[in-house]
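Here the structure is laid out as structure tokens; the discussion comes afterwards.
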Amino acid sequence: MTERVITPRHRGFLFLDSHPAGCRRLVEDMWQATLGPAAPPTGDGPVALVIGSSAGYGLAATLAGLRRAGIRGIGVCFEKGPSERRTATAGWYRTAATAELAAQAGRDMVFLNGDAFADEMKEQVADLLKQRFGGRLDHLIYSVAAPRRTDPDTGTLYASVLKPIGQAHRTKTLVFDDQGAGEVKEVETQPAAGDDIEQTVAVMGGADWERWIDHLADRGLLADGFTTAALSYIGSPLTAAIYRHGTIGAAKAHLEATARTLTERLEKLVGGRAITSVNGAAVTQSSTAIPGIALYVGLLRGVLGEGLVPPLAQLTDLWDRLTGARPLDLDDDGRVRLDTWELAPDVQTAVAERWQAATTDTIAQLADLDWFHGEVQRLYGFAVPGVDYTAPVATDVPWPRHTP
């Protein structure tokens with residue numbers, strides 16, 4: 001097995017390699033932090049499918065589901081394995097660690113690597129549910145962030161874009177120089193044109209989520225009381241022009257409309273429900289690509305400190321609601337709101353004041369730059385406490401196998 005010392009090399013927020021030991025330790029730390037006050041689940045838990053299980057909120061959903069709710073089932077993600085020139089993606093290593101922890105806990109969790117948008121993956125999942133998990137699915141968590149999607153019916157390739165709608169938008173953004181010092185710059189993003197909105201909705205809206213539900217329902221795999229949750233975000237007025245009121249926001253609105261349509265059908269079919277879960281801000285591989293989000297999250301952490309609720313805690317809360325440990329309270333638009341801590345008026349007022357004052361000279365006093373810079377590195381397995389980054393590490397970690 002190939003071993004080498006891996007040092008972080010990156011272009012902006014995008015790292016070229018991932019650290020296997022760091023990814024593993026990060027997953028182990030999340031596992032240990034998950035349980036909280038609930039007793040460890042025993043016996044056969046509910047059968048769950050997590051689509052987008054290897055990163056961000058999807059990873060948190062998988063770990064919290066295994067540890068808190070005692071789920072068994074399937075995780076689906078799309079990751080690249082190691083090559084001669086590159087390590088595997090961080091999600092590859094995180095999935096390997098998650099599978100090992102699940103097995104140690106006696107949880108039957110299978111991880112499939114492939115295109116979640118493809119009907120072939122849907123059929124593979126359906127077959128596995130039928131053969132291995134009794135043919136009944138209790139929960140489906142949908143957490144997919146992707147740049148492109150091919151429509152299985154037409155073969156059309158759609159591409160999502162991060163653009164405002166109506167007019168160009170100029171915003172502050174946060175970048176780091178080669179020494180890790182934060183700089184505040186301004187960037188301008190041109191508005192959506194042509195079919196940008198339709199393309200983004202086709203990728204990031206509810207079409208694929210609905211297709212998953214249709215496929216599994218047609219196979220008779222939805223259990224009585226089946227629930228499904230698509231993970232979403234609203235965010236601050238400071239980022240609304242590029243996010244909630246932009247092309248991605250149009251996709252999120254479509255996702256929420258899809259939830260309402262699905263609920264009407266699921267109620268009649270199995271007494272089930274579809275919801276969107278509006279999560280709070282976090283540092284993820286997807287969010288760092290959005291102009292202004294890095295600055296906003298750094299300032300939010302500067303205001304809240306340890307009061308910033310991590311994805312793991314949010315998804316633990318969601319599982320408690322889905323499994324009946326807590327009431328599944330919804331807002332007027334049928335959404336679970338896990339972002340109230342972020343959008344509290346006093347918090348948003350404080351962040352807005354810091355946003356206005358933020359310059360390269362002042363940013364170190366206004367935002368928690370060390371935390372944010374560390375969070376970006378930890379997305380790829382670096383800057384994880386307890387890991388010796390001077391030691392050679394094996395990079396050829398295999399994808400977790402499952403026995404029939």
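In the structure tokens, the first chain shown is A, the next is B, and so on; residue numbers restart at 1 for each chain, and ligands run from 1 in the order shown.
The protein and nucleic acid residues lying at most 9 Å from Thr98 (chain A) are A:Arg24, A:Val27, A:Glu28, A:Trp31, A:Ser54, A:Leu59, A:Thr62, A:Leu63, A:Tyr93, A:Arg94, A:Thr95, A:Ala96, A:Glu100, A:Leu101, A:Ala102, A:Ala103, with only C-alpha atoms considered and sequence neighbours fewer than 2 positions away removed.
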Closest atom pairs, region 295-387 of chain A residues within 10 Å of region 236-257 of chain A, only C-alpha atoms, as a tab-separated table:
residue	atom	partner	partner_atom	distance
A:Leu295	CA	A:Thr239	CA	9.9
A:Tyr296	CA	A:Leu238	CA	7.7
A:Asp333	CA	A:Glu256	CA	8.1
A:Gly334	CA	A:Glu256	CA	8.2
A:Arg335	CA	A:Glu256	CA	7.9
A:Glu342	CA	A:Ser236	CA	8.2
A:Leu343	CA	A:Ser236	CA	6.8
A:Gln348	CA	A:Ser236	CA	7.3
A:Val351	CA	A:Leu238	CA	8.9
A:Ala352	CA	A:Leu238	CA	7.2
A:Trp355	CA	A:Leu238	CA	8.4
For the residues in the current selection, export N, CA and C atoms as a short mmCIF file (atom, residue, chain, number, x, y, z; two decimals), in the first residue's frame.
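result_19.cif, freshly written:
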data_model
loop_
_atom_site.label_atom_id
_atom_site.label_comp_id
_atom_site.auth_asym_id
_atom_site.auth_seq_id
_atom_site.Cartn_x
_atom_site.Cartn_y
_atom_site.Cartn_z
N LEU A 295 -17.02 35.18 3.73
CA LEU A 295 -16.97 36.34 4.61
C LEU A 295 -18.11 36.30 5.61
N TYR A 296 -19.30 36.00 5.13
CA TYR A 296 -20.46 35.96 6.02
C TYR A 296 -20.29 34.94 7.13
N ASP A 333 -44.61 27.39 5.59
CA ASP A 333 -44.33 26.86 4.26
C ASP A 333 -43.97 25.38 4.29
N GLY A 334 -44.22 24.72 5.43
CA GLY A 334 -43.99 23.29 5.52
C GLY A 334 -42.54 22.88 5.66
N ARG A 335 -41.73 23.75 6.24
CA ARG A 335 -40.31 23.47 6.37
C ARG A 335 -39.91 23.30 7.83
N GLU A 342 -29.28 31.14 13.65
CA GLU A 342 -28.52 32.01 12.73
C GLU A 342 -29.28 33.28 12.38
N LEU A 343 -30.60 33.15 12.17
CA LEU A 343 -31.39 34.27 11.67
C LEU A 343 -32.06 35.07 12.77
N GLN A 348 -28.27 38.73 13.34
CA GLN A 348 -28.14 39.32 12.02
C GLN A 348 -27.76 40.80 12.07
N VAL A 351 -24.00 40.82 12.77
CA VAL A 351 -23.23 40.42 11.59
C VAL A 351 -23.24 41.53 10.54
N ALA A 352 -24.39 42.17 10.35
CA ALA A 352 -24.49 43.24 9.36
C ALA A 352 -23.58 44.41 9.71
N TRP A 355 -20.16 43.34 8.82
CA TRP A 355 -20.03 43.29 7.36
C TRP A 355 -19.70 44.67 6.81
#
Considering only C-alpha atoms, return as a PDB file with C-alpha atoms, in the first residue's frame whatever protein or nucleic-acid residues lie within 8 Å of Gly73 (chain A), sequence-local ones (same chain, fewer than 2 positions apart) excluded.
ATOM      1  CA  VAL A  47     -34.012   1.626   7.263  1.00  0.00           C
ATOM      2  CA  ALA A  48     -32.694   4.852   5.758  1.00  0.00           C
ATOM      3  CA  LEU A  49     -31.252   6.039   2.476  1.00  0.00           C
ATOM      4  CA  ILE A  71     -30.395   3.565  11.279  1.00  0.00           C
ATOM      5  CA  GLY A  75     -25.488   5.820   1.642  1.00  0.00           C
ATOM      6  CA  ASP A 108     -25.706  -2.674   8.556  1.00  0.00           C
ATOM      7  CA  MET A 109     -24.823   0.291   6.334  1.00  0.00           C
ATOM      8  CA  VAL A 110     -23.888  -0.128   2.674  1.00  0.00           C
ATOM      9  CA  LEU A 129     -33.365  -2.522  -0.332  1.00  0.00           C
ATOM     10  CA  PHE A 133     -33.265  -4.649   4.059  1.00  0.00           C
TER      11      PHE A 133
END
Query raised in the report: Which polymer residues have any atom within 12 Å of an atom of region 117-120 of chain A, counting only C-alpha atoms, with same-chain residues fewer than 4 positions away left out, as a ChimeraX atom specification?
Result: /A:51-52,76-78,112-113,124-127,142,144-155,157-158,202-204,206-216
Quick one: write out the picked residues with C-alpha atoms as a tab-separated table (two decimals), in the first residue's frame?
chain	number	residue	atom	x	y	z
A	51	ILE	CA	-28.21	10.51	-0.88
A	52	GLY	CA	-25.06	12.61	-0.71
A	76	VAL	CA	-24.99	7.08	-1.91
A	77	CYS	CA	-22.22	9.45	-2.98
A	78	PHE	CA	-19.92	10.19	-5.91
A	112	LEU	CA	-22.56	2.91	-3.06
A	113	ASN	CA	-20.31	5.11	-5.17
A	124	GLN	CA	-29.23	-0.61	-7.72
A	125	VAL	CA	-30.49	0.95	-4.50
A	126	ALA	CA	-33.98	-0.49	-5.01
A	127	ASP	CA	-32.57	-3.98	-5.56
A	142	TYR	CA	-31.64	14.04	0.10
A	144	VAL	CA	-27.06	16.66	-3.17
A	145	ALA	CA	-24.98	19.61	-4.35
A	146	ALA	CA	-23.71	19.12	-7.88
A	147	PRO	CA	-22.63	21.30	-10.79
A	148	ARG	CA	-24.25	19.16	-13.50
A	149	ARG	CA	-27.05	16.66	-14.03
A	150	THR	CA	-27.99	14.54	-17.03
A	151	ASP	CA	-31.73	14.03	-17.45
A	152	PRO	CA	-32.23	10.24	-17.66
A	153	ASP	CA	-35.25	10.62	-19.96
A	154	THR	CA	-33.82	12.99	-22.58
A	155	GLY	CA	-30.05	12.71	-22.13
A	157	LEU	CA	-26.95	17.74	-19.71
A	158	TYR	CA	-27.88	20.63	-17.41
A	202	ALA	CA	-32.98	21.26	-13.36
A	203	VAL	CA	-29.80	20.39	-11.43
A	204	MET	CA	-30.48	21.65	-7.91
A	206	GLY	CA	-36.60	18.89	-6.81
A	207	ALA	CA	-36.70	16.90	-10.06
A	208	ASP	CA	-34.21	14.23	-9.04
A	209	TRP	CA	-35.58	14.00	-5.49
A	210	GLU	CA	-39.04	13.37	-6.93
A	211	ARG	CA	-37.59	10.83	-9.35
A	212	TRP	CA	-36.07	8.89	-6.44
A	213	ILE	CA	-39.41	8.80	-4.64
A	214	ASP	CA	-41.24	7.74	-7.81
A	215	HIS	CA	-38.76	4.96	-8.47
A	216	LEU	CA	-38.90	3.55	-4.96
Query raised in the report: What residues in region 67-312 of chain A get the DSSP label helix (DSSP H, G or I)? Please answer as an NGL selection string.
Result: :A and (67-69 or 90-104 or 119-132 or 196-204 or 207-218 or 237-239 or 247-270 or 287-289 or 293-307 or 311-312)
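Minimum distance to Val283 (chain A) across A:Pro400, A:Gly56, A:Gly205, A:Pro82 (counting only C-alpha atoms) occurs at A:Gly56.
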**Report entry** Every residue of region 73-295 of chain A that DSSP places in strand (DSSP E), as a ChimeraX atom specification
**Finding:** /A:73-77,109-113,137-142,148-150,157-159,169-176,182-189,222-233,273-279
Query - Close residues, Tyr57 (chain A) itself excluded, 9 Å, only C-alpha atoms, min 2 positions apart in chain, as an MDAnalysis selection string - result: chainID A and resid 52:55 59:62 143 231 279 282 284 311:312 314:315
Let me see the file: selected residues, N, CA, C and O atoms, as a short mmCIF file (atom, residue, chain, number, x, y, z; two decimals), in the first residue's frame.
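That gives us out.cif:
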data_model
loop_
_atom_site.label_atom_id
_atom_site.label_comp_id
_atom_site.auth_asym_id
_atom_site.auth_seq_id
_atom_site.Cartn_x
_atom_site.Cartn_y
_atom_site.Cartn_z
N GLY A 52 -26.04 11.56 -0.98
CA GLY A 52 -25.06 12.61 -0.71
C GLY A 52 -24.45 12.43 0.66
O GLY A 52 -24.34 13.37 1.44
N SER A 53 -24.02 11.20 0.96
CA SER A 53 -23.67 10.80 2.33
C SER A 53 -22.24 11.08 2.73
O SER A 53 -21.88 10.82 3.88
N SER A 54 -21.40 11.62 1.85
CA SER A 54 -19.97 11.65 2.12
C SER A 54 -19.42 13.00 2.56
O SER A 54 -18.25 13.11 2.94
N ALA A 55 -20.23 14.05 2.51
CA ALA A 55 -19.70 15.39 2.78
C ALA A 55 -20.76 16.28 3.40
O ALA A 55 -21.96 16.05 3.24
N LEU A 59 -23.00 14.00 5.22
CA LEU A 59 -22.16 13.21 6.13
C LEU A 59 -22.70 13.31 7.55
O LEU A 59 -22.79 12.30 8.27
N ALA A 60 -23.06 14.52 7.96
CA ALA A 60 -23.63 14.69 9.30
C ALA A 60 -24.92 13.90 9.45
O ALA A 60 -25.18 13.30 10.50
N ALA A 61 -25.74 13.86 8.39
CA ALA A 61 -26.98 13.09 8.44
C ALA A 61 -26.70 11.61 8.60
O ALA A 61 -27.40 10.90 9.34
N THR A 62 -25.66 11.13 7.92
CA THR A 62 -25.31 9.72 8.00
C THR A 62 -24.82 9.35 9.39
O THR A 62 -25.28 8.37 10.00
N SER A 143 -29.44 15.08 0.09
CA SER A 143 -28.47 16.15 0.32
C SER A 143 -27.46 16.15 -0.83
O SER A 143 -26.34 15.67 -0.70
N LEU A 231 -32.44 18.59 2.21
CA LEU A 231 -31.74 19.60 2.99
C LEU A 231 -31.58 20.86 2.16
O LEU A 231 -31.18 20.83 1.00
N ASN A 279 -31.38 24.30 6.94
CA ASN A 279 -30.25 24.24 7.85
C ASN A 279 -29.56 25.58 7.98
O ASN A 279 -29.76 26.49 7.17
N ALA A 282 -22.79 26.85 7.30
CA ALA A 282 -21.66 25.99 7.64
C ALA A 282 -20.60 26.14 6.57
O ALA A 282 -20.87 26.60 5.45
N THR A 284 -18.69 24.34 3.98
CA THR A 284 -18.71 23.11 3.20
C THR A 284 -17.98 23.36 1.88
O THR A 284 -17.73 24.50 1.49
N PRO A 311 -23.15 21.37 11.74
CA PRO A 311 -24.08 20.49 11.02
C PRO A 311 -24.45 19.23 11.79
O PRO A 311 -25.60 18.79 11.74
N LEU A 312 -23.51 18.66 12.51
CA LEU A 312 -23.78 17.43 13.25
C LEU A 312 -24.90 17.62 14.26
O LEU A 312 -25.81 16.79 14.39
N GLN A 314 -27.21 19.95 14.17
CA GLN A 314 -28.45 20.22 13.45
C GLN A 314 -29.09 18.93 12.94
O GLN A 314 -30.30 18.74 13.04
N LEU A 315 -28.27 18.04 12.40
CA LEU A 315 -28.83 16.80 11.86
C LEU A 315 -29.24 15.84 12.96
O LEU A 315 -30.16 15.03 12.78
#
Hey, could you make a per-residue contact list for region 291-378 of chain A against region 177-198 of chain A with 8 Å as the cut-off, showing the nearest pair of atoms and its distance in Å to one decimal, counting only C-alpha atoms, sorted by chain and number, as JSON lines?
{"residue": "A:Pro291", "atom": "CA", "partner": "A:Val187", "partner_atom": "CA", "distance": 7.5}
{"residue": "A:Leu295", "atom": "CA", "partner": "A:Val184", "partner_atom": "CA", "distance": 7.9}
{"residue": "A:Ala358", "atom": "CA", "partner": "A:Val184", "partner_atom": "CA", "distance": 7.1}
{"residue": "A:Thr359", "atom": "CA", "partner": "A:Val184", "partner_atom": "CA", "distance": 5.4}
{"residue": "A:Thr360", "atom": "CA", "partner": "A:Glu183", "partner_atom": "CA", "distance": 4.7}
{"residue": "A:Ile363", "atom": "CA", "partner": "A:Gly182", "partner_atom": "CA", "distance": 7.2}
{"residue": "A:Ala364", "atom": "CA", "partner": "A:Gly182", "partner_atom": "CA", "distance": 7.3}
{"residue": "A:Leu369", "atom": "CA", "partner": "A:Gly182", "partner_atom": "CA", "distance": 6.9}
{"residue": "A:His373", "atom": "CA", "partner": "A:Gly180", "partner_atom": "CA", "distance": 7.4}
Query raised in the report: What is the distance between CA of Val384 (chain A) and CA of Arg25 (chain A), in Å to one decimal?
Result: 7.3 Å
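You can rank A:Thr7, A:Thr263, A:Thr227, A:Ser287 by their closest distance to Gly324 (chain A) using only C-alpha atoms, and at the top of that list sits A:Thr227.
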Report task. Could you check which of A:Asp115, A:Asp339, A:Asp331, A:Glu306 is closest to Gly280 (chain A), using only C-alpha atoms? Result -> A:Asp339
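Going from CA of Ser18 (chain A) to CA of Ala33 (chain A) covers 22.7 Å.
Of note, CA of Thr261 (chain A) and CA of Leu66 (chain A) are spaced 28.9 Å apart.
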**Report entry** For Gly271 (chain A), the nearest of the candidates A:Leu222, A:Ala64, A:Leu328, A:Ala313, counting only C-alpha atoms
**Finding:** A:Leu222
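Distances from A:Ala325, A:Val376, A:Met30, A:Val278 to Pro310 (chain A) were compared using only C-alpha atoms, and the smallest one belongs to A:Met30.
Taking only C-alpha atoms into account, Gly45 (chain A) lies nearest to A:Thr323 out of the set A:Thr156, A:Thr362, A:Thr323, A:Thr276.
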Within 12 Å of Leu304 (chain A) using only C-alpha atoms, minus same-chain residues under 5 positions, as a compact mmCIF listing (two decimals) with all heavy atoms, in the first residue's frame:
# COMPACT_ATOMS: atom_id res chain seq x y z
N ALA A 281 -25.96 28.04 8.50
CA ALA A 281 -24.73 28.22 7.74
C ALA A 281 -23.64 27.28 8.23
O ALA A 281 -23.57 26.94 9.41
CB ALA A 281 -24.25 29.66 7.86
N VAL A 297 -19.85 33.72 6.80
CA VAL A 297 -19.73 32.68 7.81
C VAL A 297 -18.62 33.02 8.80
O VAL A 297 -18.74 32.78 10.00
CB VAL A 297 -19.48 31.31 7.15
CG1 VAL A 297 -19.28 30.23 8.21
CG2 VAL A 297 -20.66 30.92 6.26
N GLY A 298 -17.51 33.61 8.31
CA GLY A 298 -16.46 34.03 9.22
C GLY A 298 -16.93 35.07 10.21
O GLY A 298 -16.60 35.03 11.40
N LEU A 299 -17.74 36.02 9.73
CA LEU A 299 -18.29 37.06 10.61
C LEU A 299 -19.32 36.47 11.57
O LEU A 299 -19.40 36.85 12.74
CB LEU A 299 -18.93 38.17 9.77
CG LEU A 299 -17.97 39.00 8.92
CD1 LEU A 299 -18.76 39.92 7.99
CD2 LEU A 299 -17.02 39.81 9.79
N VAL A 309 -23.99 26.67 15.57
CA VAL A 309 -24.42 25.28 15.69
C VAL A 309 -23.86 24.47 14.52
O VAL A 309 -24.20 24.76 13.36
CB VAL A 309 -25.95 25.16 15.73
CG1 VAL A 309 -26.37 23.71 15.92
CG2 VAL A 309 -26.51 26.03 16.85
N PRO A 310 -23.03 23.46 14.76
CA PRO A 310 -22.43 22.71 13.66
C PRO A 310 -23.44 21.80 12.98
O PRO A 310 -24.49 21.46 13.55
CB PRO A 310 -21.33 21.89 14.34
CG PRO A 310 -21.80 21.74 15.76
CD PRO A 310 -22.55 23.00 16.08
N TRP A 341 -31.26 29.87 15.09
CA TRP A 341 -30.13 30.45 15.82
C TRP A 341 -29.35 31.43 14.94
O TRP A 341 -28.84 32.44 15.44
CB TRP A 341 -29.20 29.33 16.30
CG TRP A 341 -28.70 28.46 15.17
CD1 TRP A 341 -29.30 27.34 14.67
CD2 TRP A 341 -27.53 28.65 14.39
NE1 TRP A 341 -28.58 26.82 13.63
CE2 TRP A 341 -27.48 27.60 13.43
CE3 TRP A 341 -26.50 29.59 14.41
CZ2 TRP A 341 -26.46 27.48 12.49
CZ3 TRP A 341 -25.47 29.48 13.48
CH2 TRP A 341 -25.45 28.44 12.53
N GLU A 342 -29.28 31.14 13.65
CA GLU A 342 -28.52 32.01 12.73
C GLU A 342 -29.28 33.28 12.38
O GLU A 342 -28.70 34.35 12.29
CB GLU A 342 -28.20 31.23 11.45
CG GLU A 342 -27.51 32.08 10.39
CD GLU A 342 -27.39 31.37 9.04
OE1 GLU A 342 -27.66 30.15 8.98
OE2 GLU A 342 -27.05 32.05 8.05
N LEU A 343 -30.60 33.15 12.17
CA LEU A 343 -31.39 34.27 11.67
C LEU A 343 -32.06 35.07 12.77
O LEU A 343 -32.89 35.94 12.49
CB LEU A 343 -32.45 33.75 10.69
CG LEU A 343 -31.89 33.07 9.43
CD1 LEU A 343 -33.01 32.72 8.47
CD2 LEU A 343 -30.85 33.94 8.76
N ALA A 344 -31.70 34.82 14.03
CA ALA A 344 -32.21 35.65 15.13
C ALA A 344 -31.87 37.12 14.84
O ALA A 344 -30.75 37.43 14.40
CB ALA A 344 -31.59 35.21 16.44
N ASP A 346 -31.05 39.76 16.56
CA ASP A 346 -29.87 40.36 17.17
C ASP A 346 -28.58 39.82 16.54
O ASP A 346 -27.60 40.57 16.38
CB ASP A 346 -29.86 40.12 18.68
CG ASP A 346 -29.88 38.64 19.05
OD1 ASP A 346 -30.42 37.83 18.26
OD2 ASP A 346 -29.36 38.29 20.13
N VAL A 347 -28.59 38.56 16.14
CA VAL A 347 -27.41 37.98 15.49
C VAL A 347 -27.21 38.63 14.13
O VAL A 347 -26.10 39.04 13.77
CB VAL A 347 -27.57 36.45 15.35
CG1 VAL A 347 -26.44 35.87 14.49
CG2 VAL A 347 -27.59 35.79 16.72
N GLN A 348 -28.27 38.73 13.34
CA GLN A 348 -28.14 39.32 12.02
C GLN A 348 -27.76 40.80 12.07
O GLN A 348 -27.00 41.28 11.21
CB GLN A 348 -29.45 39.13 11.23
CG GLN A 348 -29.65 37.71 10.74
CD GLN A 348 -28.55 37.25 9.80
OE1 GLN A 348 -28.25 37.91 8.81
NE2 GLN A 348 -27.93 36.12 10.11
N ALA A 350 -25.86 42.18 14.38
CA ALA A 350 -24.44 42.22 14.73
C ALA A 350 -23.57 41.85 13.53
O ALA A 350 -22.52 42.46 13.28
CB ALA A 350 -24.16 41.29 15.90
N VAL A 351 -24.00 40.82 12.77
CA VAL A 351 -23.23 40.42 11.59
C VAL A 351 -23.24 41.53 10.54
O VAL A 351 -22.21 41.82 9.91
CB VAL A 351 -23.77 39.11 11.01
CG1 VAL A 351 -23.04 38.76 9.70
CG2 VAL A 351 -23.61 37.96 12.00
N LEU A 366 -12.89 41.27 13.36
CA LEU A 366 -14.34 41.13 13.18
C LEU A 366 -14.79 39.68 12.95
O LEU A 366 -15.90 39.32 13.30
CB LEU A 366 -14.81 41.99 11.99
CG LEU A 366 -14.57 43.49 12.12
CD1 LEU A 366 -14.91 44.18 10.81
CD2 LEU A 366 -15.39 44.07 13.27
N ALA A 367 -13.93 38.89 12.32
CA ALA A 367 -14.29 37.51 11.98
C ALA A 367 -13.33 36.55 12.67
O ALA A 367 -12.21 36.92 13.00
CB ALA A 367 -14.24 37.30 10.47
N ASP A 368 -13.79 35.32 12.85
CA ASP A 368 -12.92 34.29 13.42
C ASP A 368 -12.18 33.62 12.26
O ASP A 368 -12.58 32.56 11.76
CB ASP A 368 -13.76 33.27 14.19
CG ASP A 368 -12.91 32.35 15.04
OD1 ASP A 368 -11.71 32.19 14.74
OD2 ASP A 368 -13.44 31.76 16.01
